[in-house]
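With PDB, C-alpha atoms, pLDDT in the B column inside, this is work_32.pdb:
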ATOM      1  CA  MET A   1       0.000   0.000   0.000  1.00 93.00           C
ATOM      2  CA  LEU A   2       1.186   3.527  -0.680  1.00 97.00           C
ATOM      3  CA  GLN A   3       0.917   6.453   1.707  1.00 97.00           C
ATOM      4  CA  LEU A   4       0.865  10.108   0.734  1.00 97.00           C
ATOM      5  CA  SER A   5       2.931  12.458   2.934  1.00 97.00           C
ATOM      6  CA  ILE A   6       2.338  16.192   2.620  1.00 98.00           C
ATOM      7  CA  PHE A   7       4.873  18.508   4.254  1.00 97.00           C
ATOM      8  CA  LEU A   8       3.236  21.635   5.603  1.00 96.00           C
ATOM      9  CA  GLU A   9       4.631  24.815   7.073  1.00 93.00           C
ATOM     10  CA  ASN A  10       3.676  24.933  10.728  1.00 90.00           C
ATOM     11  CA  ALA A  11       1.508  28.037  10.328  1.00 88.00           C
ATOM     12  CA  LYS A  12      -2.076  28.989  11.086  1.00 89.00           C
ATOM     13  CA  GLY A  13      -4.536  27.676   8.491  1.00 93.00           C
ATOM     14  CA  ARG A  14      -2.028  25.624   6.497  1.00 94.00           C
ATOM     15  CA  LEU A  15      -3.626  22.271   7.402  1.00 94.00           C
ATOM     16  CA  ALA A  16      -7.127  23.535   6.630  1.00 95.00           C
ATOM     17  CA  GLN A  17      -5.866  24.892   3.302  1.00 97.00           C
ATOM     18  CA  ALA A  18      -4.311  21.533   2.340  1.00 97.00           C
ATOM     19  CA  LEU A  19      -7.474  19.659   3.290  1.00 97.00           C
ATOM     20  CA  SER A  20      -9.532  22.105   1.211  1.00 98.00           C
ATOM     21  CA  VAL A  21      -7.320  21.423  -1.806  1.00 98.00           C
ATOM     22  CA  LEU A  22      -7.789  17.674  -1.301  1.00 98.00           C
ATOM     23  CA  ALA A  23     -11.554  18.235  -1.161  1.00 97.00           C
ATOM     24  CA  GLU A  24     -11.418  20.247  -4.400  1.00 97.00           C
ATOM     25  CA  LEU A  25      -9.528  17.344  -5.985  1.00 97.00           C
ATOM     26  CA  ASN A  26     -12.289  14.998  -4.778  1.00 97.00           C
ATOM     27  CA  VAL A  27      -9.838  12.958  -2.689  1.00 97.00           C
ATOM     28  CA  ASN A  28     -11.386  10.606  -0.157  1.00 92.00           C
ATOM     29  CA  ILE A  29      -9.167  10.283   2.923  1.00 92.00           C
ATOM     30  CA  GLN A  30      -9.314   6.759   4.333  1.00 90.00           C
ATOM     31  CA  ALA A  31      -6.832   7.304   7.174  1.00 92.00           C
ATOM     32  CA  LEU A  32      -4.576  10.089   8.369  1.00 92.00           C
ATOM     33  CA  SER A  33      -1.922  11.022  10.846  1.00 95.00           C
ATOM     34  CA  LEU A  34      -0.488  14.442  11.596  1.00 94.00           C
ATOM     35  CA  ALA A  35       2.904  14.931  13.228  1.00 92.00           C
ATOM     36  CA  ASP A  36       4.538  18.265  13.841  1.00 87.00           C
ATOM     37  CA  THR A  37       7.823  19.842  14.726  1.00 83.00           C
ATOM     38  CA  LYS A  38       8.584  23.452  15.523  1.00 83.00           C
ATOM     39  CA  ASP A  39       8.778  24.454  11.856  1.00 86.00           C
ATOM     40  CA  TYR A  40       6.672  22.014   9.853  1.00 91.00           C
ATOM     41  CA  GLY A  41       4.102  19.257   9.995  1.00 94.00           C
ATOM     42  CA  VAL A  42       3.783  15.991   8.111  1.00 96.00           C
ATOM     43  CA  LEU A  43       0.275  14.996   7.089  1.00 97.00           C
ATOM     44  CA  ARG A  44       0.281  11.286   6.266  1.00 97.00           C
ATOM     45  CA  LEU A  45      -2.714   9.984   4.344  1.00 97.00           C
ATOM     46  CA  ILE A  46      -4.117   6.798   2.916  1.00 95.00           C
ATOM     47  CA  VAL A  47      -6.079   7.749  -0.205  1.00 96.00           C
ATOM     48  CA  ASP A  48      -7.167   6.203  -3.486  1.00 93.00           C
ATOM     49  CA  ASN A  49      -4.656   6.785  -6.291  1.00 96.00           C
ATOM     50  CA  PRO A  50      -1.895   8.321  -4.138  1.00 97.00           C
ATOM     51  CA  GLU A  51       0.474   8.776  -7.096  1.00 97.00           C
ATOM     52  CA  LYS A  52      -2.159  10.748  -9.017  1.00 98.00           C
ATOM     53  CA  VAL A  53      -2.878  12.900  -5.962  1.00 98.00           C
ATOM     54  CA  GLU A  54       0.870  13.423  -5.486  1.00 98.00           C
ATOM     55  CA  ALA A  55       1.168  14.801  -9.018  1.00 98.00           C
ATOM     56  CA  GLN A  56      -1.861  17.062  -8.566  1.00 98.00           C
ATOM     57  CA  LEU A  57      -0.496  18.467  -5.316  1.00 98.00           C
ATOM     58  CA  LYS A  58       2.950  19.056  -6.817  1.00 98.00           C
ATOM     59  CA  GLU A  59       1.249  21.075  -9.568  1.00 97.00           C
ATOM     60  CA  ARG A  60      -0.084  23.256  -6.738  1.00 97.00           C
ATOM     61  CA  ALA A  61       3.420  23.695  -5.226  1.00 97.00           C
ATOM     62  CA  TYR A  62       2.992  21.305  -2.292  1.00 97.00           C
ATOM     63  CA  VAL A  63       5.959  19.298  -1.060  1.00 97.00           C
ATOM     64  CA  VAL A  64       4.650  15.750  -1.159  1.00 98.00           C
ATOM     65  CA  LYS A  65       6.007  12.215  -1.243  1.00 97.00           C
ATOM     66  CA  VAL A  66       4.585   8.722  -1.737  1.00 98.00           C
ATOM     67  CA  THR A  67       6.011   5.980   0.475  1.00 96.00           C
ATOM     68  CA  PRO A  68       5.232   2.288   0.915  1.00 96.00           C
ATOM     69  CA  VAL A  69       3.478   1.283   4.133  1.00 97.00           C
ATOM     70  CA  TRP A  70       1.738  -1.805   5.411  1.00 95.00           C
ATOM     71  CA  CYS A  71      -1.859  -2.006   6.537  1.00 93.00           C
ATOM     72  CA  LEU A  72      -2.524  -4.817   8.987  1.00 92.00           C
ATOM     73  CA  ARG A  73      -5.754  -6.050  10.498  1.00 87.00           C
ATOM     74  CA  VAL A  74      -5.441  -6.507  14.247  1.00 89.00           C
ATOM     75  CA  GLU A  75      -7.918  -8.000  16.698  1.00 86.00           C
ATOM     76  CA  ASP A  76      -9.733  -5.121  18.396  1.00 84.00           C
ATOM     77  CA  ARG A  77      -9.171  -6.231  21.982  1.00 89.00           C
ATOM     78  CA  PRO A  78      -6.722  -5.499  24.798  1.00 93.00           C
ATOM     79  CA  GLY A  79      -3.316  -6.876  23.820  1.00 95.00           C
ATOM     80  CA  GLY A  80      -4.173  -7.408  20.137  1.00 91.00           C
ATOM     81  CA  LEU A  81      -1.684  -4.838  18.873  1.00 93.00           C
ATOM     82  CA  ALA A  82       0.997  -5.930  21.345  1.00 96.00           C
ATOM     83  CA  GLU A  83       0.756  -9.511  20.054  1.00 95.00           C
ATOM     84  CA  VAL A  84       1.093  -8.463  16.422  1.00 94.00           C
ATOM     85  CA  LEU A  85       4.071  -6.207  17.125  1.00 95.00           C
ATOM     86  CA  GLY A  86       5.709  -8.916  19.230  1.00 96.00           C
ATOM     87  CA  LYS A  87       5.515 -11.366  16.324  1.00 95.00           C
ATOM     88  CA  LEU A  88       6.963  -8.798  13.922  1.00 96.00           C
ATOM     89  CA  VAL A  89       9.817  -7.883  16.289  1.00 95.00           C
ATOM     90  CA  GLU A  90      10.692 -11.589  16.653  1.00 96.00           C
ATOM     91  CA  ARG A  91      11.171 -11.639  12.887  1.00 95.00           C
ATOM     92  CA  GLY A  92      13.419  -8.566  12.829  1.00 96.00           C
ATOM     93  CA  VAL A  93      10.882  -5.924  11.787  1.00 96.00           C
ATOM     94  CA  VAL A  94      11.691  -2.403  12.979  1.00 96.00           C
ATOM     95  CA  VAL A  95       8.692  -0.058  13.004  1.00 96.00           C
ATOM     96  CA  GLU A  96       9.539   3.582  12.230  1.00 95.00           C
ATOM     97  CA  TYR A  97       6.029   4.844  12.949  1.00 95.00           C
ATOM     98  CA  MET A  98       2.446   3.680  12.930  1.00 95.00           C
ATOM     99  CA  TYR A  99      -1.082   4.914  13.262  1.00 94.00           C
ATOM    100  CA  GLY A 100      -4.477   3.284  13.470  1.00 88.00           C
ATOM    101  CA  PHE A 101      -7.825   4.080  11.980  1.00 79.00           C
ATOM    102  CA  VAL A 102     -11.394   3.494  12.943  1.00 63.00           C
ATOM    103  CA  GLU A 103     -12.726   1.591   9.958  1.00 61.00           C
ATOM    104  CA  LYS A 104     -13.495  -1.896  11.125  1.00 54.00           C
ATOM    105  CA  ALA A 105     -14.088  -5.206   9.443  1.00 56.00           C
ATOM    106  CA  GLY A 106     -15.893  -7.359  11.978  1.00 62.00           C
ATOM    107  CA  GLU A 107     -13.879  -7.457  15.188  1.00 67.00           C
ATOM    108  CA  MET A 108     -10.694  -6.214  13.581  1.00 69.00           C
ATOM    109  CA  ALA A 109      -9.074  -2.782  13.778  1.00 70.00           C
ATOM    110  CA  GLN A 110      -6.566  -1.628  11.182  1.00 77.00           C
ATOM    111  CA  ILE A 111      -3.118  -0.120  11.641  1.00 80.00           C
ATOM    112  CA  VAL A 112      -0.718   1.441   9.167  1.00 88.00           C
ATOM    113  CA  LEU A 113       2.993   0.706   9.648  1.00 84.00           C
ATOM    114  CA  ARG A 114       6.076   2.246   8.090  1.00 86.00           C
ATOM    115  CA  VAL A 115       9.017  -0.109   8.546  1.00 89.00           C
ATOM    116  CA  ARG A 116      12.745   0.366   8.134  1.00 90.00           C
ATOM    117  CA  ASP A 117      13.318  -2.633   5.845  1.00 92.00           C
ATOM    118  CA  GLN A 118      10.636  -3.672   3.343  1.00 90.00           C
ATOM    119  CA  ALA A 119      12.273  -7.035   2.623  1.00 91.00           C
ATOM    120  CA  VAL A 120      12.276  -8.008   6.312  1.00 92.00           C
ATOM    121  CA  MET A 121       8.603  -7.058   6.569  1.00 91.00           C
ATOM    122  CA  GLU A 122       7.747  -9.035   3.424  1.00 90.00           C
ATOM    123  CA  ALA A 123       9.473 -12.102   4.855  1.00 90.00           C
ATOM    124  CA  ALA A 124       7.673 -11.698   8.183  1.00 89.00           C
ATOM    125  CA  MET A 125       4.313 -11.356   6.455  1.00 88.00           C
ATOM    126  CA  GLY A 126       5.050 -14.443   4.392  1.00 84.00           C
ATOM    127  CA  GLU A 127       5.697 -16.421   7.569  1.00 81.00           C
ATOM    128  CA  LEU A 128       2.713 -15.108   9.508  1.00 79.00           C
ATOM    129  CA  ARG A 129      -0.022 -14.947   6.836  1.00 69.00           C
ATOM    130  CA  GLU A 130      -2.571 -14.001   9.489  1.00 63.00           C
ATOM    131  CA  PHE A 131      -2.817 -10.239   9.044  1.00 61.00           C
TER     132      PHE A 131
END

Output the file's structure in the form of C-alpha cells.
Amino acid sequence: MLQLSIFLENAKGRLAQALSVLAELNVNIQALSLADTKDYGVLRLIVDNPEKVEAQLKERAYVVKVTPVWCLRVEDRPGGLAEVLGKLVERGVVVEYMYGFVEKAGEMAQIVLRVRDQAVMEAAMGELREF
C-alpha cells in the first residue's frame, strides 16, 4: 500500500488549506496522521490513487512524497496490537512509525505501519499470513 505524505509549514490555516485542496480534488481520505515539529508538519494519508494525488499536489506547489506502508488487520481487543508487534519484532521488523484508523471489518481494527526494511517485513508477512 502507498501512503501520501504532505509537508506543511507549521503556520495557522495551512492544514485547513491543504485539506480544502484535497476536497477540491475529490480525494477521499481513508486514514490520516499528523505529526509536527517546531517548523513544519507531516500529514500522512491513505487515499485512493496516491500517485495521481501526489502529481496534482505538486502542480499546486505542495511538497509531497509517496512511500510504501503496510496495513494490517489486528484484533480489536486489549493486547491485540501488542501480540502483532511482538511477532513482527521476533522476525526482525523495525517499526519507524504507525497509526491506526477506525474503519473496522468485523472485530478487527486496522493499523498502518512504516518499517525500516521492506524485505524483512515481506518475509515476516510471508511467515505469519494471518494479518

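The residues returned by the PyMOL selection byres ((chain A and resi 49) around 12) on the shown structure are Met1, Leu2, Gln3, Leu4, Leu25, Asn26, Val27, Asn28, Ile29, Gln30, Leu45, Ile46, Val47, Asp48, Pro50, Glu51, Lys52, Val53, Glu54, Ala55, Gln56 and Val66 of chain A.
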
Could you check how far CA of Ala119 in chain A sits from CA of Lys87 in chain A, in Å to one decimal? 15.9 Å

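Each of A:Val64, A:Leu113, A:Cys71, A:Ala16 was compared to Val95 in chain A using all atoms listed in the file, and A:Leu113 turns out to be the nearest.
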
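Excluding range 34-37 of chain A itself and same-chain residues fewer than 4 positions from it, the residues having an atom within 10 Å of it are A:Ser5, A:Ile6, A:Phe7, A:Leu8, A:Glu9, A:Asn10, A:Leu15, A:Gly41, A:Val42, A:Leu43, A:Arg44, A:Leu45, A:Tyr99, counting only C-alpha atoms.
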
Could you write out the selected residues, including C-alpha atoms, as a PDB file, in the coordinates of the input?
ATOM      1  CA  SER A   5       2.931  12.458   2.934  1.00 97.00           C
ATOM      2  CA  ILE A   6       2.338  16.192   2.620  1.00 98.00           C
ATOM      3  CA  PHE A   7       4.873  18.508   4.254  1.00 97.00           C
ATOM      4  CA  LEU A   8       3.236  21.635   5.603  1.00 96.00           C
ATOM      5  CA  GLU A   9       4.631  24.815   7.073  1.00 93.00           C
ATOM      6  CA  ASN A  10       3.676  24.933  10.728  1.00 90.00           C
ATOM      7  CA  LEU A  15      -3.626  22.271   7.402  1.00 94.00           C
ATOM      8  CA  GLY A  41       4.102  19.257   9.995  1.00 94.00           C
ATOM      9  CA  VAL A  42       3.783  15.991   8.111  1.00 96.00           C
ATOM     10  CA  LEU A  43       0.275  14.996   7.089  1.00 97.00           C
ATOM     11  CA  ARG A  44       0.281  11.286   6.266  1.00 97.00           C
ATOM     12  CA  LEU A  45      -2.714   9.984   4.344  1.00 97.00           C
ATOM     13  CA  TYR A  99      -1.082   4.914  13.262  1.00 94.00           C
TER      14      TYR A  99
END

Starting from the displayed file, determine the output of the PyMOL selection byres ((chain A and resi 91) around 12) and express the residue list as a ChimeraX atom specification. /A:84-90,92-95,117,119-128

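Distances to Arg60 in chain A were evaluated for A:Gln17, A:Asp39, A:Arg116, A:Ala11 using only C-alpha atoms, and the minimum falls at A:Gln17.
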
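The closest residue to Gly80 in chain A, picked from A:Ala31, A:Val115, A:Ala109, A:Ala23 and counting only C-alpha atoms, is A:Ala109.
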
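From CA of Leu22 in chain A back to CA of Val74 in chain A, the distance works out to 28.8 Å.
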
What's the separation between CA of Arg73 in chain A and CA of Gln110 in chain A, in Å to one decimal place? 4.5 Å
